[in-house]
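Structure file final-v3.cif (mmCIF, C-alpha atoms and all ligand atoms) is printed below.
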data_work
loop_
_atom_site.label_atom_id
_atom_site.label_comp_id
_atom_site.auth_asym_id
_atom_site.auth_seq_id
_atom_site.Cartn_x
_atom_site.Cartn_y
_atom_site.Cartn_z
CA MET A 1 -2.25 -3.69 44.74
CA SER A 2 -2.95 -1.56 41.70
CA ASN A 3 -2.79 -3.37 38.38
CA ALA A 4 -2.36 -0.09 36.48
CA SER A 5 1.21 -0.90 35.45
CA THR A 6 0.24 -4.30 34.06
CA ALA A 7 -2.98 -3.20 32.34
CA ARG A 8 -3.02 -3.83 28.60
CA PRO A 9 -3.03 -0.56 26.64
CA LYS A 10 -6.28 0.18 24.80
CA LYS A 11 -6.01 -1.40 21.37
CA PHE A 12 -5.93 0.92 18.34
CA THR A 13 -8.66 -0.86 16.39
CA VAL A 14 -10.03 -0.31 12.89
CA PRO A 15 -13.00 1.68 14.32
CA ARG A 16 -10.51 3.90 16.21
CA PHE A 17 -8.49 4.29 12.99
CA LEU A 18 -11.66 5.44 11.18
CA ALA A 19 -12.72 7.75 14.04
CA SER A 20 -9.32 9.49 14.01
CA LYS A 21 -10.25 11.21 10.76
CA GLN A 22 -13.48 12.62 12.21
CA LYS A 23 -11.62 13.76 15.32
CA LYS A 24 -8.84 15.27 13.16
CA GLN A 25 -6.26 13.23 15.08
CA LYS A 26 -3.22 12.43 12.93
CA ILE A 27 -2.52 8.70 12.61
CA THR A 28 1.06 7.54 13.19
CA MET A 29 2.51 4.54 11.36
CA LEU A 30 5.95 2.99 10.83
CA THR A 31 7.10 -0.33 9.43
CA ALA A 32 8.46 -3.27 11.45
CA TYR A 33 9.64 -6.71 10.44
CA GLU A 34 10.62 -8.48 13.66
CA PHE A 35 9.83 -8.80 17.38
CA LEU A 36 12.17 -6.38 19.20
CA SER A 37 11.66 -3.41 16.87
CA ALA A 38 7.91 -3.99 16.82
CA ARG A 39 7.84 -3.98 20.63
CA ILE A 40 9.78 -0.69 20.74
CA LEU A 41 7.44 0.92 18.20
CA ASP A 42 4.37 -0.29 20.08
CA GLU A 43 5.64 0.81 23.47
CA ALA A 44 6.53 4.22 21.99
CA GLY A 45 2.81 4.63 21.31
CA LEU A 46 2.54 4.34 17.53
CA ASP A 47 -1.03 3.85 16.28
CA CYS A 48 -0.23 1.46 13.42
CA ILE A 49 2.62 -0.86 12.51
CA LEU A 50 2.96 -1.96 8.90
CA VAL A 51 4.73 -5.20 8.07
CA GLY A 52 5.61 -3.89 4.64
CA ASP A 53 6.78 -5.92 1.70
CA THR A 54 9.67 -3.43 1.76
CA LEU A 55 11.16 -6.24 3.83
CA GLY A 56 12.33 -7.59 0.47
CA MET A 57 14.63 -4.57 0.23
CA VAL A 58 15.46 -3.48 3.79
CA VAL A 59 15.63 -6.95 5.37
CA GLN A 60 16.54 -9.25 2.48
CA GLY A 61 18.68 -6.76 0.52
CA LYS A 62 16.88 -7.34 -2.79
CA SER A 63 16.49 -4.59 -5.40
CA THR A 64 12.66 -4.76 -5.56
CA THR A 65 9.74 -6.09 -3.50
CA LEU A 66 8.70 -8.51 -6.26
CA PRO A 67 10.29 -11.73 -4.91
CA VAL A 68 8.59 -11.48 -1.49
CA THR A 69 6.23 -14.41 -0.80
CA VAL A 70 3.09 -14.88 1.30
CA ASP A 71 5.01 -17.29 3.55
CA GLU A 72 7.68 -14.63 4.17
CA MET A 73 5.02 -12.02 5.00
CA ILE A 74 3.46 -14.49 7.43
CA TYR A 75 6.85 -15.30 8.98
CA HIS A 76 7.60 -11.62 9.67
CA GLY A 77 3.97 -10.65 10.38
CA GLU A 78 3.67 -13.25 13.12
CA MET A 79 6.81 -11.99 14.90
CA VAL A 80 5.52 -8.42 14.79
CA ALA A 81 1.96 -9.22 15.86
CA ARG A 82 3.30 -11.28 18.82
CA ALA A 83 5.25 -8.24 20.06
CA VAL A 84 2.43 -5.72 19.76
CA GLN A 85 -0.24 -4.98 22.36
CA ARG A 86 -1.75 -1.68 21.24
CA ALA A 87 -0.96 -0.77 17.65
CA LEU A 88 -3.04 -1.84 14.66
CA VAL A 89 -0.87 -4.35 12.78
CA ILE A 90 -1.25 -4.30 9.00
CA VAL A 91 0.50 -6.86 6.77
CA ASP A 92 1.23 -6.25 3.08
CA MET A 93 -0.08 -8.68 0.48
CA PRO A 94 2.96 -9.36 -1.71
CA PHE A 95 3.21 -9.39 -5.50
CA MET A 96 1.06 -12.11 -7.13
CA SER A 97 -0.73 -12.98 -3.89
CA PHE A 98 -3.93 -11.16 -4.97
CA HIS A 99 -3.67 -10.63 -8.74
CA ILE A 100 -5.04 -13.94 -10.04
CA SER A 101 -8.59 -13.66 -8.72
CA PRO A 102 -10.59 -12.22 -5.80
CA ALA A 103 -10.85 -15.80 -4.49
CA GLN A 104 -7.06 -16.19 -4.47
CA ALA A 105 -6.76 -12.81 -2.72
CA LEU A 106 -9.35 -13.73 -0.10
CA GLU A 107 -7.62 -17.03 0.61
CA ASN A 108 -4.24 -15.32 1.07
CA ALA A 109 -5.67 -12.46 3.14
CA GLY A 110 -7.38 -15.05 5.35
CA ARG A 111 -4.12 -16.98 5.75
CA ILE A 112 -2.29 -13.79 6.69
CA LEU A 113 -4.86 -12.85 9.33
CA LYS A 114 -5.16 -16.37 10.79
CA GLU A 115 -1.47 -17.28 10.79
CA THR A 116 0.02 -13.94 11.95
CA GLY A 117 -2.54 -12.60 14.42
CA ALA A 118 -2.38 -9.25 12.57
CA ASP A 119 -5.39 -6.94 12.30
CA ALA A 120 -5.51 -6.04 8.61
CA VAL A 121 -3.92 -6.41 5.19
CA LYS A 122 -2.81 -3.87 2.57
CA LEU A 123 -2.65 -4.28 -1.19
CA GLU A 124 -1.43 -2.09 -4.04
CA GLY A 125 -4.23 -0.81 -6.28
CA GLY A 126 -7.52 1.05 -6.37
CA LEU A 127 -10.08 0.85 -9.18
CA ASN A 128 -8.21 -2.07 -10.79
CA GLN A 129 -8.46 -4.04 -7.53
CA ALA A 130 -11.98 -2.99 -6.51
CA LYS A 131 -13.45 -6.50 -6.84
CA THR A 132 -10.55 -7.91 -4.84
CA ILE A 133 -10.91 -5.30 -2.08
CA GLU A 134 -14.64 -6.06 -2.00
CA ALA A 135 -14.05 -9.82 -1.66
CA ILE A 136 -11.60 -9.35 1.21
CA ALA A 137 -13.67 -6.71 3.01
CA SER A 138 -16.85 -8.80 2.67
CA ALA A 139 -15.16 -11.50 4.76
CA ASP A 140 -14.64 -8.84 7.48
CA ILE A 141 -10.91 -8.73 6.83
CA PRO A 142 -9.92 -5.07 7.08
CA VAL A 143 -8.07 -4.08 3.91
CA MET A 144 -6.12 -0.92 3.08
CA ALA A 145 -5.52 0.23 -0.51
CA HIS A 146 -2.21 1.68 -1.74
CA LEU A 147 -2.09 4.31 -4.52
CA GLY A 148 0.48 6.51 -6.26
CA LEU A 149 3.90 4.88 -6.42
CA LYS A 150 3.14 1.16 -6.41
CA PRO A 151 6.50 -0.62 -6.05
CA GLN A 152 5.00 -3.94 -7.21
CA SER A 153 4.39 -2.28 -10.62
CA VAL A 154 8.09 -1.45 -11.03
CA ARG A 155 8.49 -3.55 -14.21
CA ALA A 156 5.40 -2.10 -15.89
CA ILE A 157 6.12 1.54 -15.07
CA GLY A 158 9.85 1.31 -15.81
CA GLY A 159 11.35 2.22 -12.45
CA MET A 160 10.67 3.13 -8.84
CA GLY A 161 10.56 6.87 -9.65
CA LYS A 162 7.64 6.56 -12.10
CA ILE A 163 4.49 7.58 -10.31
CA GLN A 164 0.85 7.84 -11.34
CA ARG A 165 0.09 11.54 -10.81
CA ASP A 166 -3.08 12.05 -12.85
CA GLU A 167 -5.42 13.74 -10.39
CA ASP A 168 -8.70 12.44 -11.86
CA GLN A 169 -7.40 8.89 -12.06
CA LEU A 170 -6.09 8.99 -8.48
CA ILE A 171 -9.40 10.34 -7.17
CA ALA A 172 -11.29 7.66 -9.12
CA ASP A 173 -8.95 5.04 -7.61
CA ALA A 174 -9.45 6.38 -4.09
CA LEU A 175 -13.25 6.51 -4.42
CA ALA A 176 -13.33 2.99 -5.90
CA ALA A 177 -11.24 1.66 -3.00
CA GLU A 178 -13.53 3.37 -0.49
CA ARG A 179 -16.70 2.07 -2.21
CA ALA A 180 -15.25 -1.45 -2.32
CA GLY A 181 -14.81 -1.40 1.47
CA ALA A 182 -11.21 -0.37 2.11
CA PHE A 183 -10.77 1.07 5.61
CA GLY A 184 -7.87 3.33 4.59
CA ILE A 185 -5.68 4.36 1.69
CA LEU A 186 -1.89 4.67 1.66
CA LEU A 187 -0.75 7.45 -0.69
CA GLU A 188 2.87 7.04 -1.81
CA MET A 189 4.76 9.86 -3.55
CA ILE A 190 1.73 11.85 -4.68
CA THR A 191 2.06 15.63 -4.97
CA ALA A 192 0.95 17.39 -1.79
CA PRO A 193 -2.03 19.22 -3.39
CA ILE A 194 -3.43 16.01 -4.95
CA ALA A 195 -2.93 14.04 -1.73
CA ARG A 196 -4.78 16.75 0.19
CA LYS A 197 -7.63 16.70 -2.36
CA ILE A 198 -7.93 12.89 -2.11
CA THR A 199 -7.95 13.18 1.68
CA GLU A 200 -10.76 15.75 1.53
CA THR A 201 -12.71 13.64 -0.99
CA VAL A 202 -12.82 10.28 0.80
CA THR A 203 -14.32 9.60 4.23
CA ILE A 204 -11.73 6.94 5.15
CA PRO A 205 -8.29 7.99 6.45
CA THR A 206 -5.33 8.47 4.12
CA ILE A 207 -1.79 7.67 5.21
CA GLY A 208 0.93 9.50 3.31
CA ILE A 209 4.53 8.75 2.48
CA GLY A 210 6.21 11.42 0.37
CA SER A 211 2.76 12.96 -0.16
CA GLY A 212 2.90 16.11 1.94
CA PRO A 213 1.20 17.21 5.16
CA GLY A 214 -2.43 17.05 4.01
CA CYS A 215 -2.98 13.32 4.69
CA ASP A 216 -4.76 11.97 7.76
CA GLY A 217 -1.62 10.13 8.89
CA GLN A 218 1.98 9.42 7.96
CA VAL A 219 4.17 6.36 7.49
CA LEU A 220 7.91 5.92 6.94
CA VAL A 221 10.07 2.84 6.51
CA THR A 222 11.67 2.45 9.95
CA PRO A 223 15.25 1.52 8.90
CA ASP A 224 15.20 4.61 6.63
CA MET A 225 13.97 7.07 9.29
CA LEU A 226 16.43 5.63 11.81
CA GLY A 227 19.31 6.26 9.39
CA LEU A 228 20.27 2.58 9.03
CA ASN A 229 20.26 2.90 5.27
CA ALA A 230 23.21 5.33 5.00
CA ASP A 231 23.06 5.76 1.19
CA PHE A 232 19.34 6.56 1.01
CA HIS A 233 18.50 10.29 1.06
CA PRO A 234 15.27 10.97 -0.87
CA ARG A 235 13.70 14.42 -0.43
CA PHE A 236 10.65 13.09 1.42
CA LEU A 237 12.67 11.24 4.06
CA LYS A 238 13.46 12.83 7.42
CA LYS A 239 16.05 10.89 9.38
CA TYR A 240 15.32 10.97 13.11
CA ALA A 241 18.54 9.15 14.06
CA ASP A 242 21.85 8.08 12.56
CA LEU A 243 21.89 4.46 13.70
CA ALA A 244 24.31 3.39 10.94
CA SER A 245 27.03 5.59 12.51
CA GLU A 246 26.08 4.57 16.04
CA MET A 247 26.16 0.89 15.13
CA THR A 248 29.50 1.23 13.35
CA SER A 249 31.01 2.97 16.42
CA ALA A 250 29.62 0.32 18.78
CA VAL A 251 30.88 -2.58 16.65
CA LYS A 252 34.34 -0.97 16.31
CA ALA A 253 34.55 -0.32 20.06
CA TYR A 254 33.61 -3.94 20.79
CA ALA A 255 36.12 -5.34 18.28
CA ASN A 256 38.91 -3.12 19.68
CA GLU A 257 38.17 -4.17 23.27
CA VAL A 258 38.13 -7.88 22.33
CA ARG A 259 41.42 -7.52 20.42
CA GLU A 260 43.02 -5.64 23.34
CA GLY A 261 41.72 -8.08 25.96
CA ALA A 262 39.66 -5.35 27.64
CA PHE A 263 36.40 -7.29 27.13
CA PRO A 264 35.28 -9.49 28.76
CA ASP A 265 36.65 -8.28 32.09
CA GLU A 266 35.92 -9.54 35.59
CA SER A 267 32.69 -7.58 35.89
CA HIS A 268 31.31 -9.40 32.83
CA SER A 269 32.46 -12.89 33.97
CA HIS A 270 30.91 -15.52 36.24
CA THR A 271 33.18 -16.17 39.21
O1 LIG B 1 5.94 -1.93 2.05
C1 LIG B 1 6.06 -0.84 2.66
O2 LIG B 1 6.84 -0.71 3.60
C2 LIG B 1 5.24 0.27 2.23
C3 LIG B 1 5.80 1.65 2.46
C4 LIG B 1 5.36 2.58 1.40
C5 LIG B 1 5.47 2.20 3.79
O3 LIG B 1 4.19 0.09 1.70
#
Re-express the file's structure as structure tokens.
Ligand code: KIV
Amino acid sequence: MSNASTARPKKFTVPRFLASKQKKQKITMLTAYEFLSARILDEAGLDCILVGDTLGMVVQGKSTTLPVTVDEMIYHGEMVARAVQRALVIVDMPFMSFHISPAQALENAGRILKETGADAVKLEGGLNQAKTIEAIASADIPVMAHLGLKPQSVRAIGGMGKIQRDEDQLIADALAAERAGAFGILLEMITAPIARKITETVTIPTIGIGSGPGCDGQVLVTPDMLGLNADFHPRFLKKYADLASEMTSAVKAYANEVREGAFPDESHSHT
């Protein structure tokens, strides 16, 4: 009997992530926060799944990512990692989990890797977090940097729309992250020409969101690209489904059938 159907798919590892840039193969990434969605994303063949601290907003309904804790990231990260066979699972380090010292960051990154089974962590920052990235990477914990719009800086920059767009500073940040040992850089809401220049400058892959087509890969927040967040229509977002409408129709149909006595019928009953 062939075991082809039960064979584990070949894992998308950090070395494969790095090699994708050399091979000019675009890297695909979406966010996930729980088991079933993570399994669908993985089985659909995505390269990377990010357990983003956006869970503070799209799962918990909060207005920023600031309240998210390490324990919450571990709770969601573990569910996602358990569902995934192939994709590289990256878990965000939440606000104040890496800011106090490189030692604090290393301890939290280690907890995240050990307690979730994920493959890597991501943190917001570049040059300002170089020592922290170095500490984490030197323990062989793969770490991705995050530049441009940094939602954890929302209080300091005065709003989610305020983005660091100084080209020289962004390139210095990207090079510092690469030198410190980051295996990739997420570029959020950077102009397309600057994102392309950063991508051409560093040897590690860049993953863009709202940063144009010149990055080595792309990420979107899954509930946004599936159209679950009906009021959210930023220019960079392409909605690949309208699940809010589909879910509303399904829930209404169910409620109507229950009220009318049409469900459950005999075919959905044990006799
Ligand atoms: O937390 C998150 O989901 C992110 C997005 C920018 C993809 O970092």
Would you list the contacts of region 165-169 of chain A as a PDB file with C-alpha atoms, in the coordinates of the input, taking every protein, DNA or RNA residue within 12 Å and counting all atoms listed in the file, but skipping same-chain residues closer than 2 positions in sequence?
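Writing the result to result.pdb gives the following:
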ATOM      1  CA  GLY A 125      -4.230  -0.810  -6.280  1.00  0.00           C
ATOM      2  CA  GLY A 126      -7.520   1.050  -6.370  1.00  0.00           C
ATOM      3  CA  LEU A 127     -10.080   0.850  -9.180  1.00  0.00           C
ATOM      4  CA  ASN A 128      -8.210  -2.070 -10.790  1.00  0.00           C
ATOM      5  CA  LEU A 147      -2.090   4.310  -4.520  1.00  0.00           C
ATOM      6  CA  GLY A 148       0.480   6.510  -6.260  1.00  0.00           C
ATOM      7  CA  LEU A 149       3.900   4.880  -6.420  1.00  0.00           C
ATOM      8  CA  LYS A 150       3.140   1.160  -6.410  1.00  0.00           C
ATOM      9  CA  GLY A 161      10.560   6.870  -9.650  1.00  0.00           C
ATOM     10  CA  LYS A 162       7.640   6.560 -12.100  1.00  0.00           C
ATOM     11  CA  ILE A 163       4.490   7.580 -10.310  1.00  0.00           C
ATOM     12  CA  ILE A 171      -9.400  10.340  -7.170  1.00  0.00           C
ATOM     13  CA  ALA A 172     -11.290   7.660  -9.120  1.00  0.00           C
ATOM     14  CA  ASP A 173      -8.950   5.040  -7.610  1.00  0.00           C
ATOM     15  CA  ALA A 174      -9.450   6.380  -4.090  1.00  0.00           C
ATOM     16  CA  LEU A 175     -13.250   6.510  -4.420  1.00  0.00           C
ATOM     17  CA  ALA A 176     -13.330   2.990  -5.900  1.00  0.00           C
ATOM     18  CA  LEU A 187      -0.750   7.450  -0.690  1.00  0.00           C
ATOM     19  CA  GLU A 188       2.870   7.040  -1.810  1.00  0.00           C
ATOM     20  CA  MET A 189       4.760   9.860  -3.550  1.00  0.00           C
ATOM     21  CA  ILE A 190       1.730  11.850  -4.680  1.00  0.00           C
ATOM     22  CA  THR A 191       2.060  15.630  -4.970  1.00  0.00           C
ATOM     23  CA  ALA A 192       0.950  17.390  -1.790  1.00  0.00           C
ATOM     24  CA  PRO A 193      -2.030  19.220  -3.390  1.00  0.00           C
ATOM     25  CA  ILE A 194      -3.430  16.010  -4.950  1.00  0.00           C
ATOM     26  CA  ALA A 195      -2.930  14.040  -1.730  1.00  0.00           C
ATOM     27  CA  ARG A 196      -4.780  16.750   0.190  1.00  0.00           C
ATOM     28  CA  LYS A 197      -7.630  16.700  -2.360  1.00  0.00           C
ATOM     29  CA  ILE A 198      -7.930  12.890  -2.110  1.00  0.00           C
ATOM     30  CA  THR A 201     -12.710  13.640  -0.990  1.00  0.00           C
ATOM     31  CA  SER A 211       2.760  12.960  -0.160  1.00  0.00           C
TER      32      SER A 211
END
Kindly compile the residues surrounding ligand LIG 1 (chain B) within 10 Å, counting only C-alpha atoms and all ligand atoms, and format them as an MDAnalysis selection string.
-> chainID A and resid 29:33 49:58 65 91:94 122:124 145:152 186:189 207:210 218:222
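Checking A:Cys215, A:Arg82, A:Val89, A:Ala230 one by one against Ile185 (chain A), counting all atoms listed in the file, you find the shortest gap at A:Cys215.
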re CA of Lys252 (chain A) and CA of Ala44 (chain A): distance 28.9 Å
Distance query region 134-140 of chain A at most 12 Å, all atoms listed in the file, self and fewer than 2 positions along chain excluded, as an MDAnalysis selection string = chainID A and resid 14 93 98 101:113 119:123 126:132 142:145 176:184
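Coordinates place CA of His268 (chain A) at a distance of 15.9 Å from CA of Ala255 (chain A).
Interatomic distance, CA of Glu72 (chain A) to CA of Asp42 (chain A): 21.7 Å.
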Within 7 Å of region 73-75 of chain A using only C-alpha atoms, minus same-chain residues under 2 positions, as a PyMOL selection string | chain A and resi 69-71+77-79+112+115-116
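Across A:Leu36, A:Leu66, A:Val59, A:Ala253, the tightest approach to Asp224 (chain A) is made by A:Val59 when counting all atoms listed in the file.
Distance annotation: of A:Tyr254, A:Met225, A:Ile90, A:Val202, the residue with the minimal separation from Ala241 (chain A) is A:Met225; atom set is only C-alpha atoms.
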